[in-house]
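A.B. asks: Contents are mmCIF, C-alpha atoms; file name entry_8.cif:
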```cif
data_target
#
loop_
_atom_site.group_PDB
_atom_site.id
_atom_site.type_symbol
_atom_site.label_atom_id
_atom_site.label_comp_id
_atom_site.auth_asym_id
_atom_site.auth_seq_id
_atom_site.Cartn_x
_atom_site.Cartn_y
_atom_site.Cartn_z
ATOM 1 C CA MET A 111 6.247 -39.499 5.270
ATOM 2 C CA SER A 112 9.502 -41.048 6.329
ATOM 3 C CA GLY A 113 12.605 -38.917 5.799
ATOM 4 C CA THR A 114 10.692 -35.708 5.044
ATOM 5 C CA THR A 115 9.869 -32.768 7.226
ATOM 6 C CA ALA A 116 6.215 -32.094 7.857
ATOM 7 C CA GLY A 117 5.082 -28.743 6.513
ATOM 8 C CA PRO A 118 3.107 -26.140 8.449
ATOM 9 C CA ALA A 119 -0.262 -27.491 7.291
ATOM 10 C CA THR A 120 0.611 -31.041 8.295
ATOM 11 C CA ARG A 121 1.870 -29.924 11.706
ATOM 12 C CA PHE A 122 -1.271 -27.840 12.246
ATOM 13 C CA ALA A 123 -3.593 -30.695 11.240
ATOM 14 C CA ALA A 124 -1.729 -33.139 13.475
ATOM 15 C CA SER A 125 -2.034 -30.777 16.453
ATOM 16 C CA ARG A 126 -5.846 -30.495 16.223
ATOM 17 C CA ARG A 127 -8.051 -32.824 18.251
ATOM 18 C CA THR A 128 -11.250 -31.021 17.313
ATOM 19 C CA TRP A 129 -12.035 -28.828 14.335
ATOM 20 C CA GLU A 130 -13.925 -25.579 14.354
ATOM 21 C CA PRO A 131 -14.935 -23.800 11.140
ATOM 22 C CA ILE A 132 -12.156 -21.206 11.527
ATOM 23 C CA ASP A 133 -9.558 -23.985 11.730
ATOM 24 C CA TRP A 134 -10.148 -24.714 8.057
ATOM 25 C CA TRP A 135 -9.045 -21.152 7.258
ATOM 26 C CA ARG A 136 -5.942 -21.674 9.367
ATOM 27 C CA LEU A 137 -5.172 -24.960 7.635
ATOM 28 C CA GLU A 138 -5.606 -23.359 4.205
ATOM 29 C CA ALA A 139 -3.307 -20.491 5.156
ATOM 30 C CA ARG A 140 -0.606 -22.898 6.271
ATOM 31 C CA ALA A 141 -1.027 -25.103 3.199
ATOM 32 C CA TRP A 142 -0.060 -22.146 0.989
ATOM 33 C CA ASP A 143 2.902 -21.125 3.135
ATOM 34 C CA ASP A 144 5.310 -21.111 0.171
ATOM 35 C CA ALA A 145 2.999 -19.184 -2.193
ATOM 36 C CA PRO A 146 2.899 -15.496 -1.164
ATOM 37 C CA THR A 147 0.453 -14.465 -3.900
ATOM 38 C CA VAL A 148 -2.062 -17.098 -2.813
ATOM 39 C CA ARG A 149 -1.539 -16.127 0.852
ATOM 40 C CA ARG A 150 -2.317 -12.488 -0.003
ATOM 41 C CA ALA A 151 -5.507 -13.584 -1.760
ATOM 42 C CA ILE A 152 -6.507 -15.709 1.232
ATOM 43 C CA ALA A 153 -5.694 -12.876 3.648
ATOM 44 C CA PHE A 154 -8.076 -10.574 1.765
ATOM 45 C CA PHE A 155 -11.048 -12.870 2.447
ATOM 46 C CA ALA A 156 -9.918 -14.467 5.708
ATOM 47 C CA PRO A 157 -11.468 -13.688 9.095
ATOM 48 C CA THR A 158 -9.509 -11.108 11.097
ATOM 49 C CA SER A 159 -7.838 -13.589 13.448
ATOM 50 C CA VAL A 160 -6.580 -15.685 10.522
ATOM 51 C CA PHE A 161 -5.410 -12.546 8.723
ATOM 52 C CA ARG A 162 -3.307 -11.688 11.781
ATOM 53 C CA GLU A 163 -1.864 -15.195 11.812
ATOM 54 C CA LEU A 164 -0.977 -14.866 8.131
ATOM 55 C CA ALA A 165 0.843 -11.627 8.863
ATOM 56 C CA LYS A 166 2.639 -13.075 11.886
ATOM 57 C CA SER A 167 3.758 -16.142 9.994
ATOM 58 C CA SER A 168 5.454 -14.056 7.308
ATOM 59 C CA GLY A 169 8.718 -14.464 9.248
ATOM 60 C CA ARG A 170 9.243 -10.704 9.412
ATOM 61 C CA ASN A 171 9.856 -8.838 12.666
ATOM 62 C CA PRO A 172 6.819 -6.609 13.480
ATOM 63 C CA LEU A 173 9.113 -3.582 13.944
ATOM 64 C CA MET A 174 10.571 -4.205 10.499
ATOM 65 C CA THR A 175 7.043 -4.396 9.092
ATOM 66 C CA VAL A 176 6.264 -0.942 10.522
ATOM 67 C CA ILE A 177 9.541 0.479 9.200
ATOM 68 C CA LEU A 178 8.831 -0.926 5.734
ATOM 69 C CA LEU A 179 5.304 0.491 5.839
ATOM 70 C CA VAL A 180 6.626 3.973 6.656
ATOM 71 C CA TRP A 181 9.304 3.551 3.960
ATOM 72 C CA ASN A 182 6.716 2.634 1.325
ATOM 73 C CA LEU A 183 4.352 5.423 2.354
ATOM 74 C CA THR A 184 7.240 7.888 2.093
ATOM 75 C CA GLY A 185 7.898 6.698 -1.457
ATOM 76 C CA LEU A 186 4.289 7.435 -2.398
ATOM 77 C CA ALA A 187 3.798 10.603 -0.365
ATOM 78 C CA ALA A 188 7.016 12.419 -1.303
ATOM 79 C CA PRO A 189 6.020 13.308 -4.889
ATOM 80 C CA VAL A 190 2.624 14.462 -3.664
ATOM 81 C CA VAL A 191 4.355 16.666 -1.064
ATOM 82 C CA GLY A 192 6.701 17.988 -3.767
ATOM 83 C CA ALA A 193 3.749 18.933 -5.958
ATOM 84 C CA ALA A 194 1.929 20.475 -2.977
ATOM 85 C CA ILE A 195 4.948 22.667 -2.237
ATOM 86 C CA LEU A 196 4.557 24.221 -5.674
ATOM 87 C CA LEU A 197 0.800 24.704 -5.401
ATOM 88 C CA GLY A 198 1.240 27.724 -3.130
ATOM 89 C CA TRP A 199 2.862 29.613 -6.004
ATOM 90 C CA VAL A 200 0.371 28.302 -8.580
ATOM 91 C CA PHE A 201 -2.580 29.614 -6.581
ATOM 92 C CA GLY A 202 -0.923 32.899 -5.619
ATOM 93 C CA ARG A 203 -0.386 32.097 -1.936
ATOM 94 C CA ALA A 204 3.406 32.411 -2.270
ATOM 95 C CA ASP A 205 5.516 35.043 -4.036
ATOM 96 C CA VAL A 206 8.056 32.491 -5.268
ATOM 97 C CA ALA A 207 7.852 28.812 -6.200
ATOM 98 C CA ALA A 208 9.960 26.676 -3.855
ATOM 99 C CA VAL A 209 11.447 24.682 -6.734
ATOM 100 C CA GLY A 210 14.473 23.513 -4.730
ATOM 101 C CA SER A 211 12.401 22.155 -1.846
ATOM 102 C CA ALA A 212 10.000 20.457 -4.232
ATOM 103 C CA GLY A 213 12.942 18.916 -6.069
ATOM 104 C CA VAL A 214 14.337 17.500 -2.838
ATOM 105 C CA ALA A 215 10.941 15.951 -2.043
ATOM 106 C CA PHE A 216 10.724 14.423 -5.520
ATOM 107 C CA ALA A 217 14.277 13.083 -5.332
ATOM 108 C CA ALA A 218 13.656 11.538 -1.912
ATOM 109 C CA GLY A 219 10.484 9.869 -3.162
ATOM 110 C CA ALA A 220 12.199 8.536 -6.270
ATOM 111 C CA VAL A 221 15.097 7.108 -4.261
ATOM 112 C CA VAL A 222 12.808 5.478 -1.695
ATOM 113 C CA ALA A 223 10.361 4.045 -4.255
ATOM 114 C CA GLY A 224 13.147 2.940 -6.583
ATOM 115 C CA ALA A 225 15.056 1.208 -3.799
ATOM 116 C CA GLY A 226 11.877 -0.523 -2.654
ATOM 117 C CA LEU A 227 11.069 -1.782 -6.142
ATOM 118 C CA ILE A 228 14.633 -2.957 -6.759
ATOM 119 C CA THR A 229 14.755 -4.761 -3.411
ATOM 120 C CA SER A 230 11.345 -6.338 -3.932
ATOM 121 C CA SER A 231 12.144 -7.417 -7.487
ATOM 122 C CA ARG A 232 14.610 -9.954 -6.095
ATOM 123 C CA ASP A 233 11.595 -11.952 -4.937
ATOM 124 C CA ALA A 234 9.196 -12.072 -7.888
ATOM 125 C CA GLY A 235 6.326 -13.271 -5.682
ATOM 126 C CA ARG A 236 6.400 -10.068 -3.599
ATOM 127 C CA VAL A 237 6.013 -7.538 -6.428
ATOM 128 C CA ASP A 238 2.696 -6.998 -8.129
ATOM 129 C CA ALA A 239 3.119 -5.391 -11.559
ATOM 130 C CA GLY A 240 -0.006 -3.292 -11.002
ATOM 131 C CA SER A 241 1.439 -1.845 -7.780
ATOM 132 C CA ALA A 242 4.728 -1.003 -9.473
ATOM 133 C CA GLN A 243 2.848 0.708 -12.305
ATOM 134 C CA ALA A 244 0.705 2.663 -9.836
ATOM 135 C CA ILE A 245 3.841 3.921 -8.080
ATOM 136 C CA GLY A 246 5.257 4.907 -11.456
ATOM 137 C CA TRP A 247 2.104 6.805 -12.392
ATOM 138 C CA VAL A 248 2.035 8.692 -9.084
ATOM 139 C CA HIS A 249 5.656 9.729 -9.542
ATOM 140 C CA GLY A 250 5.332 10.433 -13.267
ATOM 141 C CA LEU A 251 2.189 12.559 -13.103
ATOM 142 C CA ALA A 252 3.286 14.553 -10.073
ATOM 143 C CA ALA A 253 6.784 15.111 -11.513
ATOM 144 C CA GLY A 254 5.389 16.084 -14.912
ATOM 145 C CA ALA A 255 3.083 18.700 -13.403
ATOM 146 C CA ALA A 256 5.889 19.942 -11.138
ATOM 147 C CA LEU A 257 8.241 20.207 -14.114
ATOM 148 C CA ILE A 258 5.800 22.448 -15.951
ATOM 149 C CA VAL A 259 5.272 24.658 -12.881
ATOM 150 C CA SER A 260 9.029 24.788 -12.182
ATOM 151 C CA VAL A 261 9.856 25.832 -15.758
ATOM 152 C CA LEU A 262 7.151 28.515 -15.681
ATOM 153 C CA ALA A 263 8.384 29.847 -12.331
ATOM 154 C CA THR A 264 12.016 29.834 -13.498
ATOM 155 C CA VAL A 265 11.197 31.634 -16.771
ATOM 156 C CA GLN A 266 9.257 34.269 -14.815
ATOM 157 C CA GLY A 267 12.095 34.702 -12.333
ATOM 158 C CA GLU A 268 9.916 33.539 -9.447
ATOM 159 C CA ALA A 269 11.684 30.277 -8.611
ATOM 160 C CA ASP A 270 13.524 29.819 -5.357
ATOM 161 C CA GLY A 271 16.170 27.128 -5.314
ATOM 162 C CA ALA A 272 16.445 26.584 -9.078
ATOM 163 C CA TRP A 273 20.234 26.542 -9.667
ATOM 164 C CA GLY A 274 20.812 28.881 -6.775
ATOM 165 C CA SER A 275 17.937 31.237 -6.123
ATOM 166 C CA SER A 276 15.640 33.606 -7.968
#
```
Could you rewrite the structure in this file as structure tokens?

C.D. replies:
Amino acid sequence: MSGTTAGPATRFAASRRTWEPIDWWRLEARAWDDAPTVRRAIAFFAPTSVFRELAKSSGRNPLMTVILLVWNLTGLAAPVVGAAILLGWVFGRADVAAVGSAGVAFAAGAVVAGAGLITSSRDAGRVDAGSAQAIGWVHGLAAGAALIVSVLATVQGEADGAWGSS
């Protein structure tokens, strides 16, 4: 191995004097350091302590991980909140449909989710097509239902925030 840098698996193996069963998980995790999709698969089945090591070795600051988690949850929750805002009018609990507020929630969710997908698409190993499609379905179905409710409320003159107010 002259002239090359030892990878994480090699360094880990060289540092071990004795081997316990869990060390094989740790070695496997380090051996796939450059393959994020394989690491995610390993993390799913790995013991908890190894899973934590996999997360720590991602190179990302823990605070940034929390911020990104909140960011991603906002992208998924915003269209649901937007649809929920309109449900009060649908079920007769509100006199007017808060179309403007729902629109702001939908717009915020679309911006957050879109920015996340665009940013993640730069690294093809980080984006799972199924996840991107699921985000699209959440946004599409919620926005489609909200569009129907918003049009009905606007036609009936019971929309608040649609191009001004009712």

A.B. asks: For each of A:Trp181, A:Ala204, A:Ala255, A:Phe155, take the minimum atom-to-atom distance to A:Leu227, counting all atoms listed in the file, then give the residue where this is smallest.

C.D. replies: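 Answer, going by the shortest atom-to-atom distance: A:Trp181.
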
A.B. asks: In Å, rounded to a single decimal, give me how far atom CA of A:Ala188 is from atom CA of A:Gly254.

C.D. replies: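 Interatomic distance, atom CA of A:Gly254 to atom CA of A:Ala188: 14.2 Å.
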
A.B. asks: If the PyMOL selection byres ((chain A and resi 187) around 12) is run on the structure shown, which residues does it catch, given as a PyMOL selection string?

C.D. replies: chain A and resi 179-186+188-194+215-220+222-223+245+248-249+252

A.B. asks: Decode the PyMOL selection byres ((chain A and resi 136) around 12) for the given file into explicit residues and return them as a ChimeraX atom specification.

C.D. replies: /A:118-123,126,129-135,137-143,149,152-153,156-164,167

A.B. asks: Output C-alpha atoms for every residue in that selection, as a CSV table (one decimal), in the frame of the given file.

C.D. replies:
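What follows is the written file selection02.csv:
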```
chain,number,residue,atom,x,y,z
A,118,PRO,CA,3.1,-26.1,8.4
A,119,ALA,CA,-0.3,-27.5,7.3
A,120,THR,CA,0.6,-31.0,8.3
A,121,ARG,CA,1.9,-29.9,11.7
A,122,PHE,CA,-1.3,-27.8,12.2
A,123,ALA,CA,-3.6,-30.7,11.2
A,126,ARG,CA,-5.8,-30.5,16.2
A,129,TRP,CA,-12.0,-28.8,14.3
A,130,GLU,CA,-13.9,-25.6,14.4
A,131,PRO,CA,-14.9,-23.8,11.1
A,132,ILE,CA,-12.2,-21.2,11.5
A,133,ASP,CA,-9.6,-24.0,11.7
A,134,TRP,CA,-10.1,-24.7,8.1
A,135,TRP,CA,-9.0,-21.2,7.3
A,137,LEU,CA,-5.2,-25.0,7.6
A,138,GLU,CA,-5.6,-23.4,4.2
A,139,ALA,CA,-3.3,-20.5,5.2
A,140,ARG,CA,-0.6,-22.9,6.3
A,141,ALA,CA,-1.0,-25.1,3.2
A,142,TRP,CA,-0.1,-22.1,1.0
A,143,ASP,CA,2.9,-21.1,3.1
A,149,ARG,CA,-1.5,-16.1,0.9
A,152,ILE,CA,-6.5,-15.7,1.2
A,153,ALA,CA,-5.7,-12.9,3.6
A,156,ALA,CA,-9.9,-14.5,5.7
A,157,PRO,CA,-11.5,-13.7,9.1
A,158,THR,CA,-9.5,-11.1,11.1
A,159,SER,CA,-7.8,-13.6,13.4
A,160,VAL,CA,-6.6,-15.7,10.5
A,161,PHE,CA,-5.4,-12.5,8.7
A,162,ARG,CA,-3.3,-11.7,11.8
A,163,GLU,CA,-1.9,-15.2,11.8
A,164,LEU,CA,-1.0,-14.9,8.1
A,167,SER,CA,3.8,-16.1,10.0
```

A.B. asks: Which polymer residues have any atom within 8 Å of an atom of A:Val206, counting all atoms listed in the file, with same-chain residues fewer than 4 positions away left out, as a CSV table (one decimal) with C-alpha atoms, in the frame of the given file?

C.D. replies:
```
chain,number,residue,atom,x,y,z
A,199,TRP,CA,2.9,29.6,-6.0
A,263,ALA,CA,8.4,29.8,-12.3
A,268,GLU,CA,9.9,33.5,-9.4
A,269,ALA,CA,11.7,30.3,-8.6
A,270,ASP,CA,13.5,29.8,-5.4
```

A.B. asks: Mind pulling up the distance from atom CA of A:Val221 to atom CA of A:Ser260?

C.D. replies: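 Atom CA of A:Ser260 sits 20.3 Å away from atom CA of A:Val221.
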
A.B. asks: One number please: atom CA of A:Ala253 to atom CA of A:Gly271, in Å, one decimal.

C.D. replies: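 These atoms are spaced 16.5 Å apart.
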
A.B. asks: Of the residues A:Leu173, A:Leu197, A:Leu251, A:Leu178, which is the one nearest to A:Val209, using only C-alpha atoms?

C.D. replies: A:Leu197

A.B. asks: Could you check which of A:Thr128, A:Thr147, A:Thr175, A:Thr264 is closest to A:Ala208, using all atoms listed in the file?

C.D. replies: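 Closest to A:Ala208 of all the choices is A:Thr264.
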